[in-house]
file work.cif (mmCIF, C-alpha atoms)
data_final
#
loop_
_atom_site.label_atom_id
_atom_site.label_comp_id
_atom_site.auth_asym_id
_atom_site.auth_seq_id
_atom_site.Cartn_x
_atom_site.Cartn_y
_atom_site.Cartn_z
CA MET A 10 -11.07 -9.78 23.99
CA ARG A 11 -13.30 -6.87 25.00
CA ASN A 12 -12.46 -4.49 22.17
CA PRO A 13 -10.80 -6.10 19.15
CA LYS A 14 -10.65 -2.77 17.26
CA ASP A 15 -8.58 -1.21 20.06
CA PHE A 16 -6.20 -4.16 19.91
CA LEU A 17 -5.82 -3.84 16.12
CA GLU A 18 -5.24 -0.10 16.41
CA GLN A 19 -2.55 -0.80 19.00
CA LEU A 20 -0.90 -3.19 16.55
CA PHE A 21 -0.92 -0.50 13.86
CA HIS A 22 0.82 1.98 16.13
CA ILE A 23 3.36 -0.64 17.23
CA ALA A 24 4.12 -1.26 13.53
CA ILE A 25 4.47 2.49 12.91
CA GLU A 26 6.81 2.90 15.87
CA ALA A 27 9.04 0.16 14.45
CA ALA A 28 9.12 2.02 11.12
CA HIS A 29 10.33 5.32 12.53
CA PRO A 30 13.79 5.96 11.17
CA LYS A 31 15.65 7.65 14.03
CA PRO A 32 16.80 4.59 16.03
CA ALA A 33 17.90 2.71 12.89
CA MET A 34 19.56 5.79 11.43
CA ALA A 35 21.63 6.23 14.58
CA LYS A 36 23.26 2.82 14.02
CA VAL A 37 24.62 3.62 10.55
CA LEU A 38 25.60 7.29 10.71
CA PRO A 39 28.72 7.97 8.64
CA GLU A 40 31.78 9.79 9.92
CA LYS A 41 31.64 13.56 9.78
CA PRO A 42 33.30 14.90 6.63
CA LYS A 43 36.11 17.44 6.37
CA GLY A 44 33.81 19.66 4.37
CA ARG A 45 30.07 20.37 4.37
CA THR A 46 27.18 18.05 5.25
CA ILE A 47 24.31 18.51 2.81
CA VAL A 48 20.94 16.84 3.37
CA ILE A 49 18.53 16.17 0.53
CA GLY A 50 15.38 14.08 0.62
CA ALA A 51 11.96 13.28 -0.75
CA GLY A 52 8.88 11.38 0.39
CA LYS A 53 5.88 11.51 2.65
CA GLY A 54 8.09 11.08 5.73
CA ALA A 55 11.05 13.16 4.50
CA ALA A 56 10.44 16.05 6.90
CA GLN A 57 10.33 13.74 9.93
CA MET A 58 13.47 12.00 8.69
CA ALA A 59 15.19 15.38 8.37
CA LYS A 60 14.20 16.34 11.91
CA ALA A 61 15.51 13.00 13.22
CA PHE A 62 18.80 13.45 11.38
CA GLU A 63 19.28 16.94 12.83
CA GLU A 64 18.79 15.51 16.32
CA LEU A 65 21.37 12.78 15.68
CA TRP A 66 24.03 14.72 13.78
CA ASP A 67 26.79 16.31 15.86
CA GLY A 68 27.93 19.02 13.53
CA PRO A 69 26.78 21.70 11.07
CA VAL A 70 24.20 20.61 8.54
CA GLU A 71 22.23 22.26 5.72
CA GLY A 72 19.99 21.16 2.90
CA VAL A 73 16.45 20.74 1.63
CA VAL A 74 13.81 17.99 1.52
CA VAL A 75 10.36 17.82 -0.09
CA THR A 76 7.24 16.18 1.30
CA ARG A 77 3.54 16.02 0.51
CA TYR A 78 1.28 18.98 1.33
CA GLY A 79 0.35 18.84 5.00
CA TYR A 80 3.19 16.47 5.96
CA ALA A 81 5.82 19.03 6.98
CA CYS A 82 7.22 19.41 10.47
CA GLU A 83 9.50 21.96 12.11
CA THR A 84 13.24 21.60 11.48
CA GLN A 85 16.19 23.73 12.58
CA HIS A 86 18.58 23.83 9.63
CA ILE A 87 17.12 21.72 6.81
CA LYS A 88 14.52 23.47 4.68
CA VAL A 89 11.25 21.58 4.17
CA LEU A 90 9.30 22.14 0.96
CA GLU A 91 5.85 20.77 0.13
CA ALA A 92 4.44 19.59 -3.19
CA SER A 93 1.62 17.53 -4.66
CA HIS A 94 1.20 13.77 -4.40
CA PRO A 95 0.31 11.50 -6.19
CA VAL A 96 0.21 13.75 -9.28
CA PRO A 97 3.12 16.24 -9.46
CA ASP A 98 2.65 20.01 -9.63
CA PRO A 99 4.77 23.17 -10.21
CA ALA A 100 5.82 23.18 -6.54
CA GLY A 101 7.39 19.77 -7.19
CA MET A 102 9.36 21.22 -10.10
CA GLU A 103 10.65 23.96 -7.80
CA ALA A 104 11.56 21.38 -5.17
CA THR A 105 13.44 19.31 -7.74
CA ALA A 106 15.43 22.40 -8.73
CA ALA A 107 16.19 23.10 -5.06
CA LEU A 108 17.54 19.57 -4.51
CA ARG A 109 19.65 19.85 -7.65
CA ASN A 110 21.06 23.18 -6.52
CA ALA A 111 21.90 21.74 -3.10
CA VAL A 112 24.31 19.20 -4.61
CA GLN A 113 26.01 21.50 -7.12
CA ASP A 114 29.69 22.42 -6.88
CA LEU A 115 30.54 19.97 -4.11
CA THR A 116 33.99 18.53 -3.45
CA GLU A 117 35.29 15.13 -2.39
CA ASP A 118 35.48 16.51 1.16
CA ASP A 119 31.72 17.06 1.29
CA LEU A 120 29.07 14.55 2.34
CA VAL A 121 25.53 14.28 0.99
CA ILE A 122 22.90 12.57 3.15
CA ALA A 123 19.84 11.47 1.17
CA LEU A 124 16.62 10.78 3.10
CA ILE A 125 14.33 8.75 0.85
CA CYS A 126 10.91 7.27 1.50
CA GLY A 127 7.69 6.41 -0.30
CA GLY A 128 5.93 9.11 -2.27
CA GLY A 129 9.14 10.78 -3.40
CA SER A 130 8.63 9.88 -7.04
CA ALA A 131 5.64 12.20 -7.53
CA LEU A 132 7.28 14.91 -5.43
CA LEU A 133 10.29 15.13 -7.76
CA PRO A 134 9.03 15.77 -11.29
CA ALA A 135 11.98 16.25 -13.63
CA PRO A 136 11.07 15.87 -17.32
CA PRO A 137 13.90 16.08 -19.86
CA ASP A 138 14.06 18.74 -22.57
CA GLY A 139 11.30 17.88 -24.99
CA LEU A 140 8.78 16.94 -22.31
CA THR A 141 6.82 19.16 -19.92
CA LEU A 142 5.38 18.97 -16.42
CA GLY A 143 2.02 18.38 -18.08
CA ASP A 144 3.45 15.33 -19.86
CA GLU A 145 4.77 13.97 -16.57
CA GLN A 146 1.40 14.59 -14.91
CA ASP A 147 -0.34 12.70 -17.72
CA LEU A 148 2.15 9.85 -17.35
CA ASN A 149 1.56 9.61 -13.61
CA ARG A 150 -2.22 9.52 -14.03
CA VAL A 151 -1.96 6.74 -16.61
CA LEU A 152 0.40 4.70 -14.44
CA LEU A 153 -1.67 5.15 -11.27
CA ALA A 154 -4.80 3.91 -13.04
CA SER A 155 -3.04 1.00 -14.76
CA GLY A 156 -2.87 -1.46 -11.85
CA ALA A 157 0.73 -2.27 -12.83
CA PRO A 158 3.25 -3.32 -10.12
CA ILE A 159 5.30 -0.50 -8.61
CA SER A 160 8.48 -1.85 -10.22
CA VAL A 161 6.92 -1.48 -13.67
CA MET A 162 5.66 2.02 -12.99
CA ASN A 163 9.06 3.08 -11.65
CA ALA A 164 10.95 1.65 -14.62
CA ILE A 165 8.79 3.72 -16.98
CA ARG A 166 9.00 6.87 -14.84
CA THR A 167 12.77 6.60 -14.53
CA SER A 168 13.25 6.27 -18.27
CA VAL A 169 12.01 9.84 -18.80
CA SER A 170 13.27 11.53 -15.62
CA THR A 171 16.44 13.56 -15.18
CA ILE A 172 16.56 12.92 -11.42
CA LYS A 173 15.21 9.41 -10.78
CA GLY A 174 17.19 6.17 -11.10
CA GLY A 175 20.34 7.43 -9.37
CA LYS A 176 20.68 10.61 -11.42
CA LEU A 177 20.53 12.86 -8.35
CA ALA A 178 23.44 10.99 -6.74
CA ALA A 179 25.45 11.34 -9.93
CA LEU A 180 24.94 15.12 -9.84
CA ALA A 181 26.59 15.24 -6.41
CA LYS A 182 29.97 13.91 -7.60
CA PRO A 183 32.69 13.96 -6.41
CA ALA A 184 31.00 14.12 -2.99
CA GLN A 185 30.03 10.88 -1.31
CA VAL A 186 26.29 10.20 -1.03
CA VAL A 187 24.90 8.14 1.85
CA SER A 188 21.20 7.28 1.49
CA PHE A 189 18.88 6.32 4.34
CA VAL A 190 15.84 4.60 2.84
CA VAL A 191 12.51 3.78 4.45
CA SER A 192 11.20 1.05 2.16
CA ASP A 193 7.58 0.96 1.05
CA VAL A 194 8.08 -1.54 -1.77
CA PRO A 195 7.80 -5.34 -1.82
CA GLY A 196 11.25 -6.87 -1.57
CA ASP A 197 12.81 -3.67 -0.16
CA ASP A 198 14.81 -2.86 -3.30
CA PRO A 199 16.02 0.72 -2.54
CA ALA A 200 16.10 1.53 -6.26
CA GLN A 201 12.29 1.21 -6.25
CA VAL A 202 11.63 3.54 -3.31
CA ALA A 203 10.65 6.97 -4.69
CA SER A 204 12.02 5.71 -8.03
CA GLY A 205 15.52 5.73 -6.50
CA PRO A 206 16.80 9.31 -7.00
CA THR A 207 20.11 8.29 -5.41
CA VAL A 208 20.05 4.57 -6.23
CA ALA A 209 20.48 3.29 -9.78
CA SER A 210 18.49 0.20 -10.70
CA THR A 211 20.42 -2.85 -11.85
CA SER A 212 17.54 -3.83 -14.14
CA VAL A 213 17.27 -2.14 -17.52
CA HIS A 214 14.02 -2.39 -19.49
CA ASP A 215 12.66 -1.03 -22.73
CA PRO A 216 9.89 1.24 -21.36
CA LEU A 217 7.72 0.93 -24.47
CA GLN A 218 7.88 -2.87 -24.41
CA LEU A 219 7.19 -2.83 -20.68
CA ALA A 220 4.14 -0.63 -21.16
CA ALA A 221 2.85 -2.85 -23.96
CA SER A 222 3.30 -5.96 -21.80
CA TYR A 223 1.02 -4.50 -19.11
CA GLY A 224 -1.46 -2.88 -21.49
CA ILE A 225 -0.49 0.65 -20.44
CA SER A 226 -1.41 3.37 -22.95
CA LEU A 227 1.40 5.87 -22.46
CA PRO A 228 0.83 9.54 -23.38
CA THR A 229 1.70 10.27 -27.01
CA ALA A 230 4.33 12.84 -26.04
CA VAL A 231 6.15 10.27 -23.88
CA ILE A 232 6.09 7.63 -26.63
CA ASP A 233 7.39 10.14 -29.19
CA TYR A 234 10.20 11.25 -26.87
CA ILE A 235 11.39 7.71 -26.18
CA ARG A 236 11.27 6.77 -29.86
CA GLN A 237 13.29 9.83 -30.83
CA ASN A 238 15.74 9.97 -27.92
CA GLY A 239 15.67 6.58 -26.23
CA ALA A 240 15.35 6.06 -22.48
CA LEU A 241 17.65 8.15 -20.29
CA ALA A 242 20.82 6.23 -19.46
CA VAL A 243 21.56 4.67 -16.07
CA PRO A 244 24.24 6.85 -14.41
CA ASP A 245 27.40 5.87 -12.56
CA THR A 246 26.61 5.96 -8.84
CA SER A 247 29.89 4.62 -7.52
CA ASN A 248 29.90 7.57 -5.09
CA ALA A 249 26.73 6.33 -3.38
CA THR A 250 26.12 4.04 -0.38
CA THR A 251 22.63 2.94 0.67
CA HIS A 252 21.08 1.76 3.95
CA VAL A 253 17.49 0.46 4.16
CA ILE A 254 16.63 1.49 7.72
CA ALA A 255 12.93 0.60 7.94
CA SER A 256 10.65 -1.81 6.10
CA ALA A 257 7.35 -3.67 6.20
CA ALA A 258 9.14 -6.78 7.43
CA LEU A 259 10.40 -5.05 10.58
CA SER A 260 7.00 -3.49 11.26
CA LEU A 261 5.11 -6.78 10.91
CA GLU A 262 7.62 -8.52 13.16
CA ALA A 263 7.15 -5.84 15.83
CA ALA A 264 3.35 -6.22 15.64
CA ALA A 265 3.66 -10.01 15.84
CA ASP A 266 5.91 -9.79 18.89
CA PHE A 267 3.43 -7.50 20.66
CA ALA A 268 0.53 -9.83 19.88
CA LEU A 269 2.44 -12.83 21.21
CA ARG A 270 3.13 -11.00 24.47
CA GLN A 271 -0.62 -10.34 24.73
CA GLY A 272 -1.33 -14.06 24.41
CA VAL A 273 -2.43 -14.01 20.76
CA THR A 274 -0.60 -16.34 18.37
CA PRO A 275 0.58 -14.36 15.30
CA HIS A 276 1.22 -15.60 11.76
CA ILE A 277 2.93 -13.42 9.14
CA LEU A 278 1.83 -14.43 5.65
CA SER A 279 4.25 -12.18 3.77
CA ASP A 280 5.60 -8.63 3.81
CA ALA A 281 5.66 -8.47 0.00
CA ILE A 282 2.17 -9.28 -1.26
CA GLU A 283 1.30 -7.69 -4.61
CA GLY A 284 -1.72 -7.94 -6.88
CA GLU A 285 -5.16 -6.44 -7.38
CA ALA A 286 -6.43 -5.26 -3.97
CA ARG A 287 -9.87 -6.86 -4.35
CA ASP A 288 -8.31 -10.20 -5.32
CA ILE A 289 -5.96 -10.13 -2.32
CA GLY A 290 -9.00 -9.28 -0.18
CA MET A 291 -10.87 -12.35 -1.45
CA MET A 292 -7.85 -14.54 -0.72
CA HIS A 293 -7.55 -13.22 2.84
CA ALA A 294 -11.30 -13.76 3.37
CA ALA A 295 -11.04 -17.36 2.23
CA LEU A 296 -8.16 -17.91 4.66
CA ALA A 297 -10.09 -16.32 7.55
CA ARG A 298 -13.17 -18.47 6.84
CA GLU A 299 -11.01 -21.60 6.73
CA ILE A 300 -9.58 -20.81 10.15
CA VAL A 301 -13.00 -20.12 11.68
CA ARG A 302 -14.72 -23.17 10.21
CA LYS A 303 -11.97 -25.80 10.05
CA ASN A 304 -9.12 -24.53 12.27
CA ARG A 305 -6.66 -24.68 9.38
CA PRO A 306 -4.05 -23.73 8.32
CA PHE A 307 -3.91 -21.95 11.70
CA GLN A 308 -5.79 -22.61 14.90
CA ALA A 309 -8.07 -19.95 16.36
CA PRO A 310 -7.65 -17.71 18.24
CA CYS A 311 -4.89 -16.16 16.18
CA LEU A 312 -3.67 -13.08 14.35
CA VAL A 313 -2.86 -13.09 10.64
CA LEU A 314 -0.58 -10.28 9.43
CA SER A 315 0.48 -9.29 5.94
CA GLY A 316 2.05 -6.39 4.09
CA GLY A 317 3.25 -5.34 0.67
CA GLU A 318 1.70 -3.12 -1.97
CA THR A 319 -1.51 -4.05 -3.71
CA THR A 320 -2.91 -2.13 -6.67
CA VAL A 321 -6.27 -0.81 -7.82
CA THR A 322 -7.03 -0.74 -11.54
CA LEU A 323 -9.44 2.15 -12.04
CA GLY A 324 -9.85 1.96 -15.78
CA GLN A 325 -11.19 4.92 -17.76
CA ASP A 326 -14.18 5.88 -15.60
CA THR A 327 -12.91 7.20 -12.25
CA LYS A 328 -16.03 9.20 -11.39
CA GLY A 329 -17.14 8.35 -7.87
CA ALA A 330 -13.91 6.53 -6.96
CA ARG A 331 -13.11 7.26 -3.31
CA GLY A 332 -10.55 5.51 -1.19
CA GLY A 333 -7.39 3.56 -1.86
CA ARG A 334 -5.96 0.08 -2.07
CA ASN A 335 -6.39 -0.73 1.64
CA THR A 336 -10.07 0.19 1.82
CA GLU A 337 -10.67 -1.59 -1.51
CA PHE A 338 -8.93 -4.67 -0.12
CA LEU A 339 -11.06 -4.48 3.01
CA LEU A 340 -14.40 -4.04 1.23
CA SER A 341 -13.64 -7.11 -0.87
CA PHE A 342 -12.58 -8.93 2.32
CA ALA A 343 -15.78 -7.87 4.07
CA LEU A 344 -17.88 -9.27 1.22
CA GLY A 345 -15.99 -12.55 1.61
CA ILE A 346 -16.73 -12.86 5.36
CA GLU A 347 -20.31 -11.57 5.28
CA GLY A 348 -22.21 -13.02 8.23
CA VAL A 349 -19.20 -14.91 9.62
CA GLU A 350 -18.68 -14.26 13.33
CA GLY A 351 -15.33 -14.13 15.09
CA ILE A 352 -13.34 -12.14 12.51
CA VAL A 353 -12.24 -8.51 12.94
CA ALA A 354 -9.82 -6.86 10.51
CA LEU A 355 -7.87 -3.64 10.00
CA ALA A 356 -6.21 -2.65 6.74
CA ALA A 357 -4.33 0.65 6.59
CA ASP A 358 -1.55 2.47 4.82
CA THR A 359 1.36 3.07 7.15
CA ASP A 360 1.84 6.66 5.98
CA GLY A 361 -1.60 7.50 7.35
CA ILE A 362 -3.28 8.24 4.01
CA ASP A 363 -4.89 5.58 1.83
CA GLY A 364 -5.55 6.93 -1.63
CA SER A 365 -7.82 9.88 -2.31
CA GLU A 366 -9.26 10.66 1.13
CA ASP A 367 -7.80 11.52 4.56
CA ASN A 368 -8.05 8.08 6.18
CA ALA A 369 -5.34 5.44 6.57
CA GLY A 370 -7.80 2.59 6.09
CA ALA A 371 -10.75 1.02 7.87
CA PHE A 372 -12.05 -1.78 10.11
CA ALA A 373 -14.30 -4.65 9.01
CA ASP A 374 -15.99 -7.68 10.51
CA GLY A 375 -18.71 -10.16 9.60
CA SER A 376 -21.42 -7.55 10.18
CA THR A 377 -19.98 -4.85 7.89
CA ILE A 378 -21.79 -5.90 4.72
CA LEU A 379 -25.02 -6.71 6.60
CA ARG A 380 -25.03 -3.19 8.05
CA LEU A 381 -24.44 -1.68 4.62
CA ARG A 382 -27.34 -3.63 3.15
CA ASP A 383 -29.60 -2.60 6.04
CA MET A 384 -28.78 1.03 5.20
CA GLY A 385 -29.89 0.50 1.60
CA HIS A 386 -26.40 0.30 0.03
CA ASP A 387 -25.23 -2.24 -2.53
CA PRO A 388 -21.74 -3.26 -1.31
CA GLN A 389 -20.76 -5.04 -4.54
CA ALA A 390 -21.78 -2.01 -6.59
CA MET A 391 -19.69 0.21 -4.32
CA LEU A 392 -16.70 -2.10 -4.79
CA ASN A 393 -17.19 -2.07 -8.56
CA ALA A 394 -17.30 1.75 -8.48
CA HIS A 395 -14.13 1.85 -6.31
CA ASP A 396 -16.05 3.68 -3.57
CA ALA A 397 -14.70 1.71 -0.63
CA TRP A 398 -14.28 4.90 1.39
CA GLY A 399 -17.99 5.62 0.97
CA ALA A 400 -18.84 2.14 2.23
CA PHE A 401 -16.78 2.32 5.41
CA ASP A 402 -17.72 5.92 6.08
CA ALA A 403 -21.39 4.91 5.90
CA VAL A 404 -20.97 2.29 8.64
CA GLY A 405 -18.64 4.43 10.77
CA ASP A 406 -15.59 2.19 10.45
CA ILE A 407 -13.09 4.59 8.87
CA PHE A 408 -9.63 4.55 10.49
CA ALA A 409 -7.96 7.98 10.32
CA PRO A 410 -4.91 8.41 12.59
CA GLY A 411 -3.44 11.20 10.40
CA PRO A 412 0.04 11.37 8.83
CA THR A 413 2.44 9.05 10.64
CA GLY A 414 5.80 10.43 9.49
CA THR A 415 6.89 7.17 7.91
CA ASN A 416 5.80 4.81 5.14
CA VAL A 417 6.35 1.06 4.85
CA ASN A 418 3.20 0.45 2.83
CA ASP A 419 0.18 -1.76 3.49
CA PHE A 420 -0.55 -3.09 7.00
CA ARG A 421 -3.20 -5.79 7.25
CA ALA A 422 -4.23 -7.51 10.48
CA LEU A 423 -6.94 -10.18 10.76
CA LEU A 424 -7.93 -11.11 14.31
CA ILE A 425 -9.72 -14.45 14.45
CA LEU A 426 -11.31 -15.14 17.81
#
call {"tool": "encode", "arguments": {"input": "work.cif", "output": "structure tokens"}}
result
Amino acid sequence: MRNPKDFLEQLFHIAIEAAHPKPAMAKVLPEKPKGRTIVIGAGKGAAQMAKAFEELWDGPVEGVVVTRYGYACETQHIKVLEASHPVPDPAGMEATAALRNAVQDLTEDDLVIALICGGGSALLPAPPDGLTLGDEQDLNRVLLASGAPISVMNAIRTSVSTIKGGKLAALAKPAQVVSFVVSDVPGDDPAQVASGPTVASTSVHDPLQLAASYGISLPTAVIDYIRQNGALAVPDTSNATTHVIASAALSLEAAADFALRQGVTPHILSDAIEGEARDIGMMHAALAREIVRKNRPFQAPCLVLSGGETTVTLGQDTKGARGGRNTEFLLSFALGIEGVEGIVALAADTDGIDGSEDNAGAFADGSTILRLRDMGHDPQAMLNAHDAWGAFDAVGDIFAPGPTGTNVNDFRALLIL
């Protein structure tokens, strides 16, 4: 293969194409209602989902969606708002109010279409009376630095939110709510995507016990609120129907099919891998070395694909941290294959942004760490400082395709030649 990086980039774009919601949405459109059609939505790809719905829907439509700053696109009838991610801001509070207003005073003849994708949780801050936006911001920062699984973070967020966990769907009664969900969570549970504003979770947890189990130090204001008022109740969402229209599984399968047609044997490890990003990187490196050296468990040449949502535990000192879970995974992976020839890898977030910088991820091979050392860098120290972006920027292997308009989480591809 003349240019393995080009091949891996092709695979990424094939995976993204499979995650775009329009074709899947077209298959499950509901019947037009007697009354109004109201669109609401939240997430990094919400604007693109709104545009796709307008192109598909044969009838009048109105509504509002919120997306991350810089992720908007032009729509005809549905208003697109922008707010902060991953830590909410006042614009998110205004967007939450706009979505609430959009579903007020509806009738059973009206239809609400909810367009939900990853990132929506931070874009819809909605603290109850007794808590403030500042309290929700503090909560988000603590959760993001905790390294806890997304399901744990969402359970805690939902317990002190007046819109998450199906509460937005409940506000729309008696109108029917049909949700189209682009899943970015392991297992594709729609209640976990954007903390499920229109999908109530079937699992109920004590948020304080959950936090204690994962060693999460919740903000004092949040603890005091829960102790005094209890977690917000799970609402009745019998008026809601949900369709998961895109997921990591479908994207990995599309990439695997493309690779096979190019004569490269693909193997999908899992679409739901969770855990500390650097640990998952070490595991993938061990697998790649085993294939190169012993032709097991797969024979080279081959392609190893995986997805899911890893985590990065930052701890208290976040000074100098640059990057996200995909670049952290890849720097750990690169350390594990240092000096090994015949391995080229891409790890990237399918929404186009991995963590704190403007890249989706990066490329790595057996020379990555050697090149860093030659430049005077200490790769292990950079990993320990969570400066994976700095490492890959130094060697010129940053992958930055820009916002993709969808989000089905981590995409990892290891090409073993």
call {"tool": "closest_residue", "arguments": {"input": "work.cif", "among": "A:Ala294, A:Ala61, A:Val70, A:Ile254", "to": "A:Cys126", "atoms": "only C-alpha atoms"}}
result
A:Ile254
call {"tool": "residues_around", "arguments": {"input": "work.cif", "residues": "A:Leu269", "least_positions_apart": "6", "cutoff": "12 Å", "atoms": "all atoms listed in the file", "output": "PyMOL selection string"}}
result
chain A and resi 20+262-263+275-276+310-313
call {"tool": "resolve_selection", "arguments": {"input": "work.cif", "expression": "the PyMOL selection byres ((chain A and resi 25) around 12)", "output": "PyMOL selection string"}}
result
chain A and resi 18-24+26-30+54+191+255-264+357-361+410+412-420
call {"tool": "closest_residue", "arguments": {"input": "work.cif", "among": "A:Ile282, A:Leu140, A:Val202, A:Leu296", "to": "A:Ile235", "atoms": "all atoms listed in the file"}}
result
A:Leu140
call {"tool": "resolve_selection", "arguments": {"input": "work.cif", "expression": "the PyMOL selection byres ((chain A and resi 147-154) around 10)", "output": "number ranges by chain"}}
result
A: 95-97, 130-131, 134, 141-146, 155-159, 161-163, 165-166, 169, 220, 225-231, 320-327
call {"tool": "resolve_selection", "arguments": {"input": "work.cif", "expression": "the PyMOL selection byres ((chain A and resi 314-319) around 6)", "output": "ChimeraX atom specification"}}
result
/A:195,277-286,313,320,419-422
call {"tool": "closest_residue", "arguments": {"input": "work.cif", "among": "A:Val121, A:Leu180, A:Ala369, A:Leu241", "to": "A:Ser168", "atoms": "all atoms listed in the file"}}
result
A:Leu241
call {"tool": "closest_residue", "arguments": {"input": "work.cif", "among": "A:Ala203, A:Ala390, A:Ile300, A:Val353", "to": "A:Gly329", "atoms": "all atoms listed in the file"}}
result
A:Ala390
call {"tool": "atom_distance", "arguments": {"input": "work.cif", "atom1": "atom CA of A:Arg109", "atom2": "atom CA of A:Ala179"}}
result
10.5 Å
call {"tool": "atom_distance", "arguments": {"input": "work.cif", "atom1": "atom CA of A:Gly139", "atom2": "atom CA of A:Ile232"}}
result
11.6 Å
call {"tool": "residues_around", "arguments": {"input": "work.cif", "residues": "A:Val349", "least_positions_apart": "2", "cutoff": "12 Å", "atoms": "only C-alpha atoms", "output": "PyMOL selection string"}}
result
chain A and resi 294-295+297-302+342-347+351-353+373-379+425-426
call {"tool": "closest_residue", "arguments": {"input": "work.cif", "among": "A:Leu132, A:Ile125, A:Ala356, A:Ala403", "to": "A:Arg380", "atoms": "only C-alpha atoms"}}
result
A:Ala403
call {"tool": "residues_around", "arguments": {"input": "work.cif", "residues": "stretch 33-40 of chain A", "least_positions_apart": "3", "cutoff": "12 Å", "atoms": "only C-alpha atoms", "output": "ChimeraX atom specification"}}
result
/A:26-30,43-44,46,58-68,118-124,185-191,250-256,259
call {"tool": "closest_residue", "arguments": {"input": "work.cif", "among": "A:Asn393, A:Thr84, A:Thr116, A:Ser210", "to": "A:Leu340", "atoms": "all atoms listed in the file"}}
result
A:Asn393
call {"tool": "residues_around", "arguments": {"input": "work.cif", "residues": "A:Ala181", "least_positions_apart": "5", "cutoff": "7 Å", "atoms": "all atoms listed in the file", "output": "VMD selection string"}}
result
chain A and resid 112 to 113 115
call {"tool": "atom_distance", "arguments": {"input": "work.cif", "atom1": "atom CA of A:Ser192", "atom2": "atom CA of A:Gly129"}}
result
11.4 Å
call {"tool": "residues_near_point", "arguments": {"input": "work.cif", "point": "(-20.1, 3.4, 8.6)", "cutoff": "10 Å", "atoms": "only C-alpha atoms", "output": "ChimeraX atom specification"}}
result
/A:371-373,377,380-381,384,398-407
